[in-house]
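Enquirer: Input file: input12.txt. Contents: compact mmCIF, C-alpha atoms.
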# COMPACT_ATOMS: atom_id res chain seq x y z
CA ALA G 26 -50.66 18.39 -17.84
CA GLY G 27 -47.52 17.52 -15.87
CA MET G 28 -45.06 14.92 -17.18
CA SER G 29 -44.72 11.64 -15.32
CA PRO G 30 -41.24 10.39 -14.33
CA ALA G 31 -41.43 7.76 -17.08
CA GLU G 32 -42.22 10.43 -19.69
CA VAL G 33 -39.39 12.64 -18.42
CA ALA G 34 -36.93 9.74 -18.71
CA ARG G 35 -38.22 8.81 -22.18
CA VAL G 36 -37.99 12.36 -23.54
CA GLY G 37 -34.59 12.91 -21.93
CA GLY G 38 -33.30 9.61 -23.31
CA TRP G 39 -34.49 10.50 -26.80
CA GLY G 40 -32.54 13.76 -26.62
CA LEU G 41 -29.35 11.84 -25.79
CA ARG G 42 -29.85 9.22 -28.50
CA SER G 43 -30.08 11.91 -31.14
CA ARG G 44 -26.40 12.89 -30.52
CA PRO G 45 -24.61 9.62 -29.64
CA MET G 46 -21.00 10.63 -30.29
CA ARG G 47 -21.22 13.92 -28.40
CA VAL G 48 -22.97 12.18 -25.53
CA PHE G 49 -20.31 9.46 -25.46
CA LEU G 50 -17.44 11.97 -25.27
CA SER G 51 -19.16 14.00 -22.53
CA ALA G 52 -19.97 10.88 -20.52
CA LEU G 53 -16.37 9.71 -20.98
CA GLY G 54 -15.09 12.89 -19.32
CA ILE G 55 -17.31 12.21 -16.31
CA ALA G 56 -16.36 8.51 -16.27
CA ILE G 57 -12.61 9.23 -16.20
CA GLY G 58 -12.95 11.44 -13.14
CA ILE G 59 -15.12 8.95 -11.29
CA ALA G 60 -12.90 6.01 -12.29
CA ALA G 61 -9.85 7.86 -10.98
CA MET G 62 -11.46 8.44 -7.59
CA ILE G 63 -12.99 4.97 -7.30
CA GLY G 64 -9.69 3.38 -8.35
CA VAL G 65 -7.69 5.38 -5.79
CA MET G 66 -10.18 4.62 -3.02
CA GLY G 67 -10.35 0.94 -3.95
CA ILE G 68 -6.59 0.50 -4.21
CA SER G 69 -6.03 2.39 -0.94
CA THR G 70 -8.67 0.30 0.85
CA SER G 71 -7.28 -2.93 -0.59
CA SER G 72 -3.78 -1.91 0.51
CA THR G 73 -5.04 -1.11 4.02
CA ASN G 74 -6.81 -4.44 4.20
CA ASP G 75 -3.62 -6.23 3.16
CA LEU G 76 -1.56 -4.26 5.69
CA ASN G 77 -3.97 -5.19 8.47
CA LYS G 78 -3.65 -8.84 7.51
CA GLN G 79 0.15 -8.57 7.57
CA LEU G 80 0.16 -6.95 10.98
CA ALA G 81 -2.30 -9.48 12.33
CA ALA G 82 -0.09 -12.32 11.07
CA LEU G 83 3.25 -10.81 12.10
CA GLY G 84 2.05 -9.21 15.32
CA THR G 85 2.26 -5.64 16.55
CA ASN G 86 3.90 -6.65 19.83
CA LEU G 87 7.43 -6.90 18.41
CA LEU G 88 9.86 -4.36 19.87
CA THR G 89 13.52 -3.91 18.97
CA VAL G 90 16.43 -2.57 20.98
CA THR G 91 19.57 -1.28 19.27
CA PRO G 92 22.64 0.46 20.69
CA GLY G 93 22.65 4.23 20.51
CA THR G 94 25.51 6.64 20.98
CA THR G 95 27.56 7.48 24.04
CA ALA G 96 27.77 10.92 25.62
CA THR G 97 30.95 11.57 23.64
CA GLY G 98 29.35 10.63 20.33
CA GLY G 99 30.80 7.15 20.03
CA THR G 100 28.92 3.94 19.32
CA ALA G 101 27.51 2.33 22.44
CA HIS G 102 27.32 -1.38 23.25
CA LEU G 103 24.45 -3.31 24.70
CA PRO G 104 25.59 -5.57 27.56
CA LYS G 105 26.18 -9.20 26.63
CA GLU G 106 23.55 -10.18 29.22
CA SER G 107 20.91 -7.79 27.85
CA VAL G 108 18.93 -10.50 26.02
CA GLN G 109 18.67 -12.60 29.18
CA MET G 110 17.69 -9.57 31.28
CA ILE G 111 14.87 -8.65 28.90
CA ALA G 112 13.63 -12.24 28.65
CA ALA G 113 13.43 -12.39 32.47
CA ARG G 114 10.72 -9.72 32.62
CA PRO G 115 7.27 -11.18 33.45
CA ASP G 116 5.50 -9.10 30.76
CA VAL G 117 7.83 -10.33 27.98
CA LYS G 118 6.87 -13.45 26.06
CA SER G 119 10.25 -13.98 24.37
CA ALA G 120 13.48 -12.17 23.56
CA SER G 121 16.28 -12.97 21.16
CA GLY G 122 19.01 -11.11 19.35
CA ILE G 123 21.60 -10.86 16.62
CA GLY G 124 25.10 -9.46 16.58
CA SER G 125 26.60 -7.84 13.50
CA MET G 126 30.20 -8.34 12.49
CA GLU G 127 32.67 -7.36 9.78
CA ALA G 128 32.67 -10.74 8.04
CA LYS G 129 31.35 -10.96 4.46
CA VAL G 130 29.69 -13.75 2.55
CA TYR G 131 30.34 -14.77 -1.07
CA LYS G 132 29.27 -17.51 -3.42
CA ASN G 133 32.81 -18.87 -3.52
CA ASP G 134 36.38 -17.95 -2.56
CA ARG G 135 37.23 -16.55 -6.01
CA ILE G 136 35.10 -13.41 -5.77
CA PRO G 137 36.99 -10.19 -4.87
CA SER G 138 36.37 -9.07 -1.29
CA VAL G 139 35.15 -5.63 -2.42
CA GLN G 140 32.14 -7.21 -4.14
CA SER G 141 30.04 -7.91 -1.06
CA GLY G 142 26.74 -7.18 -2.79
CA GLY G 143 25.42 -5.37 0.28
CA LEU G 144 24.95 -8.64 2.19
CA THR G 145 25.61 -8.72 5.92
CA VAL G 146 26.70 -11.45 8.33
CA SER G 147 25.26 -11.68 11.83
CA ALA G 148 25.45 -14.05 14.75
CA ALA G 149 21.99 -15.24 15.78
CA LYS G 150 20.52 -16.74 18.91
CA ASN G 151 18.90 -20.14 18.46
CA ASP G 152 15.44 -18.80 19.35
CA LEU G 153 15.57 -15.85 16.93
CA LEU G 154 13.23 -17.37 14.32
CA GLY G 155 10.23 -17.45 16.65
CA ALA G 156 10.92 -13.97 18.03
CA VAL G 157 10.80 -12.29 14.60
CA GLY G 158 8.01 -14.47 13.23
CA GLY G 159 10.27 -15.83 10.50
CA LYS G 160 9.73 -18.91 8.36
CA ILE G 161 12.09 -21.40 6.75
CA VAL G 162 11.27 -22.26 3.14
CA ASP G 163 13.97 -24.89 2.78
CA GLY G 164 16.14 -26.72 5.29
CA ARG G 165 16.01 -25.88 8.99
CA TRP G 166 16.89 -23.19 11.50
CA LEU G 167 20.00 -23.17 13.69
CA ASN G 168 19.91 -25.39 16.77
CA ALA G 169 22.22 -26.14 19.70
CA ALA G 170 24.31 -28.48 17.53
CA SER G 171 24.61 -26.52 14.27
CA ALA G 172 25.21 -23.22 16.09
CA ARG G 173 28.65 -24.53 17.15
CA TYR G 174 29.75 -25.46 13.63
CA PRO G 175 30.17 -23.61 10.29
CA ALA G 176 26.48 -23.59 9.38
CA VAL G 177 24.56 -20.65 7.96
CA VAL G 178 20.94 -19.71 7.32
CA LEU G 179 20.43 -17.27 4.44
CA GLY G 180 17.77 -14.59 4.09
CA ALA G 181 15.58 -14.70 1.00
CA GLN G 182 17.41 -11.96 -0.91
CA ALA G 183 20.83 -13.13 0.24
CA ALA G 184 20.13 -16.62 -1.09
CA ALA G 185 18.96 -15.20 -4.42
CA GLN G 186 22.07 -13.02 -4.79
CA LEU G 187 24.38 -15.89 -3.95
CA GLY G 188 22.60 -18.20 -6.38
CA VAL G 189 21.59 -20.60 -3.60
CA HIS G 190 18.24 -22.22 -4.29
CA ARG G 191 18.24 -25.00 -1.71
CA ALA G 192 19.83 -26.03 1.56
CA GLY G 193 21.89 -29.15 2.01
CA ALA G 194 25.16 -30.66 3.17
CA ASP G 195 26.66 -30.17 -0.30
CA VAL G 196 25.71 -26.47 -0.53
CA GLN G 197 28.36 -24.12 0.83
CA VAL G 198 29.21 -20.42 0.76
CA TRP G 199 32.47 -18.59 1.49
CA LEU G 200 31.91 -16.68 4.73
CA GLY G 201 34.57 -14.87 6.75
CA GLU G 202 37.41 -16.80 5.07
CA HIS G 203 35.74 -20.12 5.90
CA TRP G 204 33.39 -22.48 4.10
CA PHE G 205 29.96 -22.56 5.73
CA THR G 206 27.25 -25.11 4.92
CA VAL G 207 23.84 -23.67 4.06
CA VAL G 208 21.43 -25.42 6.42
CA GLY G 209 18.38 -23.23 5.78
CA ILE G 210 16.84 -20.50 3.64
CA MET G 211 14.38 -18.02 5.17
CA ALA G 212 11.23 -16.61 3.64
CA SER G 213 11.05 -12.86 3.11
CA ASN G 214 10.14 -11.05 6.35
CA GLU G 215 8.27 -7.78 5.81
CA LEU G 216 8.33 -6.85 9.49
CA VAL G 217 12.14 -7.24 9.72
CA PRO G 218 13.31 -6.63 6.13
CA ASP G 219 17.00 -6.40 7.12
CA MET G 220 17.03 -10.17 7.57
CA ASP G 221 16.34 -10.69 3.89
CA THR G 222 19.90 -9.60 3.07
CA SER G 223 21.56 -11.38 6.01
CA ALA G 224 23.58 -14.52 6.47
CA LEU G 225 22.93 -15.81 10.00
CA VAL G 226 25.37 -18.06 11.86
CA GLY G 227 25.40 -19.49 15.36
CA TRP G 228 26.60 -17.36 18.27
CA PRO G 229 29.33 -19.82 19.41
CA VAL G 230 30.86 -20.36 15.96
CA ALA G 231 30.85 -16.61 15.32
CA GLU G 232 32.92 -16.02 18.45
CA ARG G 233 35.26 -18.88 17.60
CA LEU G 234 35.86 -18.36 13.86
CA LEU G 235 34.68 -14.86 12.93
CA ASP G 236 36.13 -12.65 15.68
CA PHE G 237 32.66 -11.79 16.96
CA ASN G 238 32.86 -9.71 20.16
CA GLY G 239 29.67 -11.18 21.67
CA TYR G 240 27.73 -7.88 21.94
CA PRO G 241 24.17 -8.00 20.57
CA THR G 242 23.42 -5.26 18.04
CA THR G 243 19.66 -5.83 17.79
CA ILE G 244 17.38 -7.44 20.35
CA TYR G 245 13.93 -8.58 19.24
CA THR G 246 11.36 -8.66 22.02
CA ARG G 247 7.84 -10.07 21.96
CA ALA G 248 5.78 -8.37 24.67
CA LYS G 249 2.46 -9.60 25.95
CA ASP G 250 -0.33 -8.07 23.87
CA ASP G 251 -1.76 -6.05 26.78
CA ALA G 252 1.63 -4.81 27.96
CA VAL G 253 3.31 -3.52 24.78
CA GLU G 254 3.34 0.13 25.83
CA ASN G 255 4.59 -0.67 29.33
CA VAL G 256 7.39 -2.87 28.02
CA GLN G 257 8.35 -0.28 25.42
CA SER G 258 8.73 2.40 28.10
CA VAL G 259 11.17 0.36 30.24
CA LEU G 260 12.92 -1.71 27.57
CA GLY G 261 15.91 0.61 27.25
CA ALA G 262 16.56 0.58 30.99
CA THR G 263 16.13 -3.19 31.12
CA ALA G 264 18.57 -3.80 28.27
CA ASN G 265 21.19 -1.37 29.57
CA PRO G 266 20.57 -0.55 33.26
CA GLU G 267 23.77 1.47 33.68
CA ASN G 268 23.19 3.67 30.60
CA PRO G 269 19.53 3.46 29.52
CA ASN G 270 19.92 6.50 27.27
CA GLU G 271 22.38 4.54 25.13
CA ALA G 272 19.67 2.09 24.00
CA ASN G 273 17.22 2.86 21.20
CA VAL G 274 13.78 1.22 21.33
CA SER G 275 11.52 1.02 18.29
CA ARG G 276 8.47 -0.81 17.03
CA PRO G 277 8.83 -2.24 13.50
CA SER G 278 5.07 -2.21 12.92
CA ASP G 279 5.19 1.59 13.33
CA ALA G 280 7.39 1.74 10.22
CA LEU G 281 4.75 -0.14 8.25
CA ALA G 282 2.08 2.19 9.59
CA ALA G 283 4.18 5.24 8.61
CA LYS G 284 4.62 3.84 5.12
CA HIS G 285 0.89 3.35 4.87
CA ALA G 286 0.29 6.92 6.05
CA THR G 287 2.55 8.14 3.24
CA ASP G 288 0.58 6.04 0.76
CA LYS G 289 -2.67 7.56 2.08
CA ALA G 290 -1.28 11.09 1.61
CA LEU G 291 -0.46 10.22 -1.99
CA SER G 292 -3.93 8.73 -2.39
CA GLY G 293 -5.43 12.02 -1.19
CA LEU G 294 -3.49 13.85 -3.90
CA LEU G 295 -4.76 11.44 -6.53
CA VAL G 296 -8.33 11.85 -5.30
CA GLY G 297 -7.89 15.60 -5.74
CA LEU G 298 -6.71 15.08 -9.30
CA GLY G 299 -9.73 12.83 -9.87
CA GLY G 300 -11.95 15.64 -8.58
CA VAL G 301 -10.40 18.04 -11.07
CA ALA G 302 -11.06 15.54 -13.85
CA LEU G 303 -14.65 15.26 -12.64
CA LEU G 304 -15.10 19.03 -12.78
CA VAL G 305 -13.70 19.04 -16.30
CA GLY G 306 -16.26 16.39 -17.16
CA GLY G 307 -18.96 18.62 -15.67
CA VAL G 308 -17.85 21.47 -17.92
CA GLY G 309 -18.17 19.04 -20.83
CA VAL G 310 -21.74 18.25 -19.81
CA ALA G 311 -22.58 21.96 -19.59
CA ASN G 312 -21.03 22.58 -22.99
CA THR G 313 -22.97 19.70 -24.51
CA MET G 314 -26.26 20.94 -23.08
CA VAL G 315 -25.71 24.56 -24.17
CA ILE G 316 -24.93 23.45 -27.71
CA SER G 317 -27.96 21.18 -27.59
CA VAL G 318 -30.18 24.13 -26.75
CA LEU G 319 -28.77 26.14 -29.65
CA GLU G 320 -29.16 23.27 -32.11
CA ARG G 321 -32.69 22.38 -31.03
CA ARG G 322 -34.32 25.81 -31.04
CA SER G 323 -36.79 24.67 -33.67
CA GLU G 324 -37.77 21.66 -31.56
CA ILE G 325 -38.21 23.86 -28.52
CA GLY G 326 -40.37 26.30 -30.45
CA LEU G 327 -42.52 23.51 -31.87
CA ARG G 328 -43.07 21.95 -28.45
CA ARG G 329 -44.00 25.32 -26.97
CA SER G 330 -46.44 25.95 -29.85
CA LEU G 331 -48.10 22.59 -29.20
CA GLY G 332 -48.70 23.46 -25.59
CA ALA G 333 -45.54 22.48 -23.69
CA THR G 334 -44.95 24.73 -20.70
CA ARG G 335 -41.69 26.34 -19.71
CA GLY G 336 -41.50 23.95 -16.78
CA GLN G 337 -41.77 20.94 -19.09
CA ILE G 338 -39.05 22.26 -21.38
CA ARG G 339 -36.85 22.98 -18.38
CA THR G 340 -37.52 19.51 -16.97
CA GLN G 341 -36.69 17.87 -20.32
CA PHE G 342 -33.25 19.45 -20.63
CA PHE G 343 -32.51 19.06 -16.94
CA ALA G 344 -33.36 15.34 -17.23
CA GLU G 345 -31.01 15.01 -20.21
CA ALA G 346 -28.16 16.47 -18.17
CA LEU G 347 -28.86 14.12 -15.26
CA LEU G 348 -29.09 11.08 -17.55
CA LEU G 349 -25.85 12.05 -19.25
CA SER G 350 -24.10 12.43 -15.89
CA ALA G 351 -25.56 9.17 -14.56
CA LEU G 352 -24.32 7.37 -17.66
CA GLY G 353 -20.81 8.70 -17.07
CA GLY G 354 -21.00 8.01 -13.32
CA VAL G 355 -22.05 4.38 -13.65
CA GLY G 356 -19.46 3.81 -16.38
CA GLY G 357 -16.80 5.42 -14.20
CA VAL G 358 -17.70 3.25 -11.20
CA LEU G 359 -17.46 0.10 -13.31
CA LEU G 360 -14.14 1.24 -14.78
CA GLY G 361 -12.81 2.10 -11.32
CA ILE G 362 -13.82 -1.32 -9.99
CA GLY G 363 -12.06 -2.95 -12.92
CA VAL G 364 -8.87 -0.97 -12.26
CA THR G 365 -8.98 -1.86 -8.56
CA VAL G 366 -9.54 -5.57 -9.20
CA GLY G 367 -6.76 -5.68 -11.79
CA TYR G 368 -4.19 -3.88 -9.63
CA ALA G 369 -5.13 -5.88 -6.52
CA ALA G 370 -4.74 -9.13 -8.45
CA TYR G 371 -1.32 -7.97 -9.70
CA GLN G 372 -0.22 -7.20 -6.12
CA GLY G 373 -1.75 -10.39 -4.71
CA TRP G 374 -4.28 -8.49 -2.57
CA SER G 375 -7.96 -9.05 -1.97
CA ALA G 376 -9.84 -6.38 -3.94
CA VAL G 377 -11.98 -4.16 -1.71
CA VAL G 378 -14.05 -1.27 -3.11
CA PRO G 379 -16.04 0.65 -0.45
CA VAL G 380 -19.76 0.81 -1.12
CA TRP G 381 -19.82 4.42 0.08
CA ALA G 382 -17.23 5.30 -2.58
CA MET G 383 -19.37 3.80 -5.36
CA ALA G 384 -22.53 5.48 -4.10
CA GLY G 385 -20.68 8.73 -3.55
CA GLY G 386 -19.23 8.61 -7.06
CA VAL G 387 -22.62 8.28 -8.69
CA GLY G 388 -24.06 10.92 -6.34
CA ALA G 389 -21.26 13.34 -7.18
CA THR G 390 -21.89 12.96 -10.91
CA LEU G 391 -25.61 13.65 -10.45
CA VAL G 392 -24.86 16.79 -8.44
CA ILE G 393 -22.33 18.05 -10.97
CA GLY G 394 -24.60 17.08 -13.86
CA GLY G 395 -27.52 18.91 -12.26
CA LEU G 396 -25.44 22.05 -11.76
CA ALA G 397 -24.04 21.81 -15.28
CA GLY G 398 -27.49 21.34 -16.84
CA PHE G 399 -29.35 23.94 -14.82
CA TYR G 400 -28.43 26.99 -16.91
CA PRO G 401 -29.03 25.34 -20.31
CA ALA G 402 -32.39 24.05 -19.06
CA VAL G 403 -33.44 27.52 -17.86
CA ARG G 404 -32.24 29.07 -21.10
CA ALA G 405 -34.24 26.59 -23.16
CA ALA G 406 -37.37 27.27 -21.09
CA ARG G 407 -37.10 31.04 -21.57
CA LEU G 408 -36.81 30.82 -25.34
CA PRO G 409 -39.91 32.49 -26.92
CA PRO G 410 -41.81 30.09 -29.30
CA THR G 411 -41.95 32.56 -32.19
CA GLU G 412 -38.20 33.26 -32.01
CA ALA G 413 -37.43 29.54 -31.79
CA LEU G 414 -39.63 28.67 -34.80
CA ALA G 415 -38.15 31.50 -36.85
CA THR G 416 -34.65 30.00 -36.40
CA ASN G 417 -33.58 27.35 -38.89
I need this file expressed as structure tokens, please.

Expert:
Amino acid sequence: AGMSPAEVARVGGWGLRSRPMRVFLSALGIAIGIAAMIGVMGISTSSTNDLNKQLAALGTNLLTVTPGTTATGGTAHLPKESVQMIAARPDVKSASGIGSMEAKVYKNDRIPSVQSGGLTVSAAKNDLLGAVGGKIVDGRWLNAASARYPAVVLGAQAAAQLGVHRAGADVQVWLGEHWFTVVGIMASNELVPDMDTSALVGWPVAERLLDFNGYPTTIYTRAKDDAVENVQSVLGATANPENPNEANVSRPSDALAAKHATDKALSGLLVGLGGVALLVGGVGVANTMVISVLERRSEIGLRRSLGATRGQIRTQFFAEALLLSALGGVGGVLLGIGVTVGYAAYQGWSAVVPVWAMAGGVGATLVIGGLAGFYPAVRAARLPPTEALATN
């Protein structure tokens, strides 16, 4: 009589319980491969989800204009009126800019001038904060009054390097051979990371005290959401009508997307390595099942003598291989979920593990387990009863 599914599972499970350590090691090989793939997929998906949240919060409609090079290879200048010309376009929501200069910023006037720490000083328009989507964590942003006096807003990293932890009238830094009062500290800005290492002063005071020439070096433009591509195509000509080729236009969100594409390429490599580990686990399953057939020749012969058919013997060993693979697959999925949750928590992300990845992981183990157990199962079924019983 044929074996019911419950009997197949019971007989297959008994075969695994008789060799617990070997089964554990074989299942572990499968589990490592599945955990590697689930972990990579989960971490990649969690990273993508976090990136999408960042872009949604920061906006993908931010465009930047920077000066390029002249026909002779020199550094070009954007016109002083370029910010106003861009802001006048009907499809632009807002435009603001900064202007770099040679001034340096230090914690005090006793630090040698060569030790700038990589910090930059820039003149900033009063409406810059809204254009770049920045936030102030302490103090306030520059306004019409403070922009005319020695007041500075520090980026997050600049404040940390200078040892400035708060803003206030009694907090000053040495900037361009003058004392400037720290009126604000910015939060880190992932869309415009250069601002994290910047000290930003008002446009008027920069021209008066810091020898600023008044030319903007970066213009930040917020286009209307349905007109980003159109604005991007004409932004260079709008900023510099006489020499549009001397203006470079970029989209900061594209840099984030490129970084994410690089991460995805690396994830693909890791998935490949996980696949190799899974194949190694499959070889382990095949090895376990072949050895099992050799060790259990007496059992096979006895079952055949008592009336078991070749199909039942084949089904028994095939079921053992599938159960062994399923054990490793489920364990690998749980381990991969744990790795994803732990890494996402460390990065401050929301953990996301695709359902298709979990189902695919278990499915892949069953396929590999079936292939690995097919030959041992056929070999066990073909073993003659008399030869099997004659073997100790």

Enquirer: Nearest to Glu127 (chain G) among G:Gln372, G:Asn238, G:Gln186, G:Gln337, with distances taken over all atoms listed in the file: which residue is it?

Expert: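 Comparing G:Gln372, G:Asn238, G:Gln186, G:Gln337 against Glu127 (chain G), the winner is G:Asn238.
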
Enquirer: Give me the residues within 12 Å of Ile393 (chain G) as a ChimeraX atom specification, counting all atoms listed in the file and dropping any in the same chain fewer than 4 places off.

Expert: /G:55,58-59,300-311,343,346-351,353-354,386-389,397-399

Enquirer: Could you give me, as a PyMOL selection string, the residues within 10 Å of Pro409 (chain G), counting all atoms listed in the file and dropping anything in the same chain fewer than 3 positions from it?

Expert: chain G and resi 322+325-326+329-330+335+405-406+412-414

Enquirer: Need to verify the contact set: Leu144 (chain G), 12 Å, only C-alpha atoms, exclusion of same-chain residues closer than 5 positions in sequence. Can you return it as a list in words?

Expert: Ser125, Met126, Glu127, Ala128, Lys129, Val130, Tyr131, Lys132, Ser138, Val139, Leu179, Gly180, Ala181, Gln182, Ala183, Ala184, Ala185, Gln186, Leu187, Leu200, Asp219, Met220, Asp221, Thr222, Ser223, Ala224 and Leu225 of chain G

Enquirer: Within 7 Å of (21.5, -25.4, 7.8) in the file's own coordinates, which protein, DNA or RNA residues have an atom, counting only C-alpha atoms? List them as a count of residues only.

Expert: 13

Enquirer: Contacts of Pro115 (chain G) at 10 Å or less, counting all atoms listed in the file, minus same-chain residues fewer than 4 places along, as a PDB file with C-alpha atoms, in the frame of the given file?

Expert:
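Output below, filename result-v6.pdb:
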ATOM      1  CA  ILE G 111      14.870  -8.650  28.900  1.00  0.00           C
ATOM      2  CA  SER G 119      10.250 -13.980  24.370  1.00  0.00           C
ATOM      3  CA  ALA G 248       5.780  -8.370  24.670  1.00  0.00           C
ATOM      4  CA  LYS G 249       2.460  -9.600  25.950  1.00  0.00           C
ATOM      5  CA  VAL G 256       7.390  -2.870  28.020  1.00  0.00           C
TER       6      VAL G 256
END

Enquirer: Between CA of Thr390 (chain G) and CA of Ala56 (chain G), what is the distance, to one decimal in Å?

Expert: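 A separation of 8.9 Å between them.
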
Enquirer: Between CA of Ser29 (chain G) and CA of Gly332 (chain G), what is the distance, to one decimal in Å?

Expert: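 Calculated distance between CA of Ser29 (chain G) and CA of Gly332 (chain G) is 16.2 Å.
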
Enquirer: In Å, with one decimal, what is the gap from CA of Val230 (chain G) to CA of His203 (chain G)?

Expert: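 CA of Val230 (chain G) sits 11.2 Å away from CA of His203 (chain G).
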
Enquirer: From the list G:Pro30, G:Gly367, G:Pro266, G:Gly122, which residue is nearest Tyr245 (chain G) when using all atoms listed in the file?

Expert: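 Of all the options, G:Gly122 lies closest to Tyr245 (chain G).
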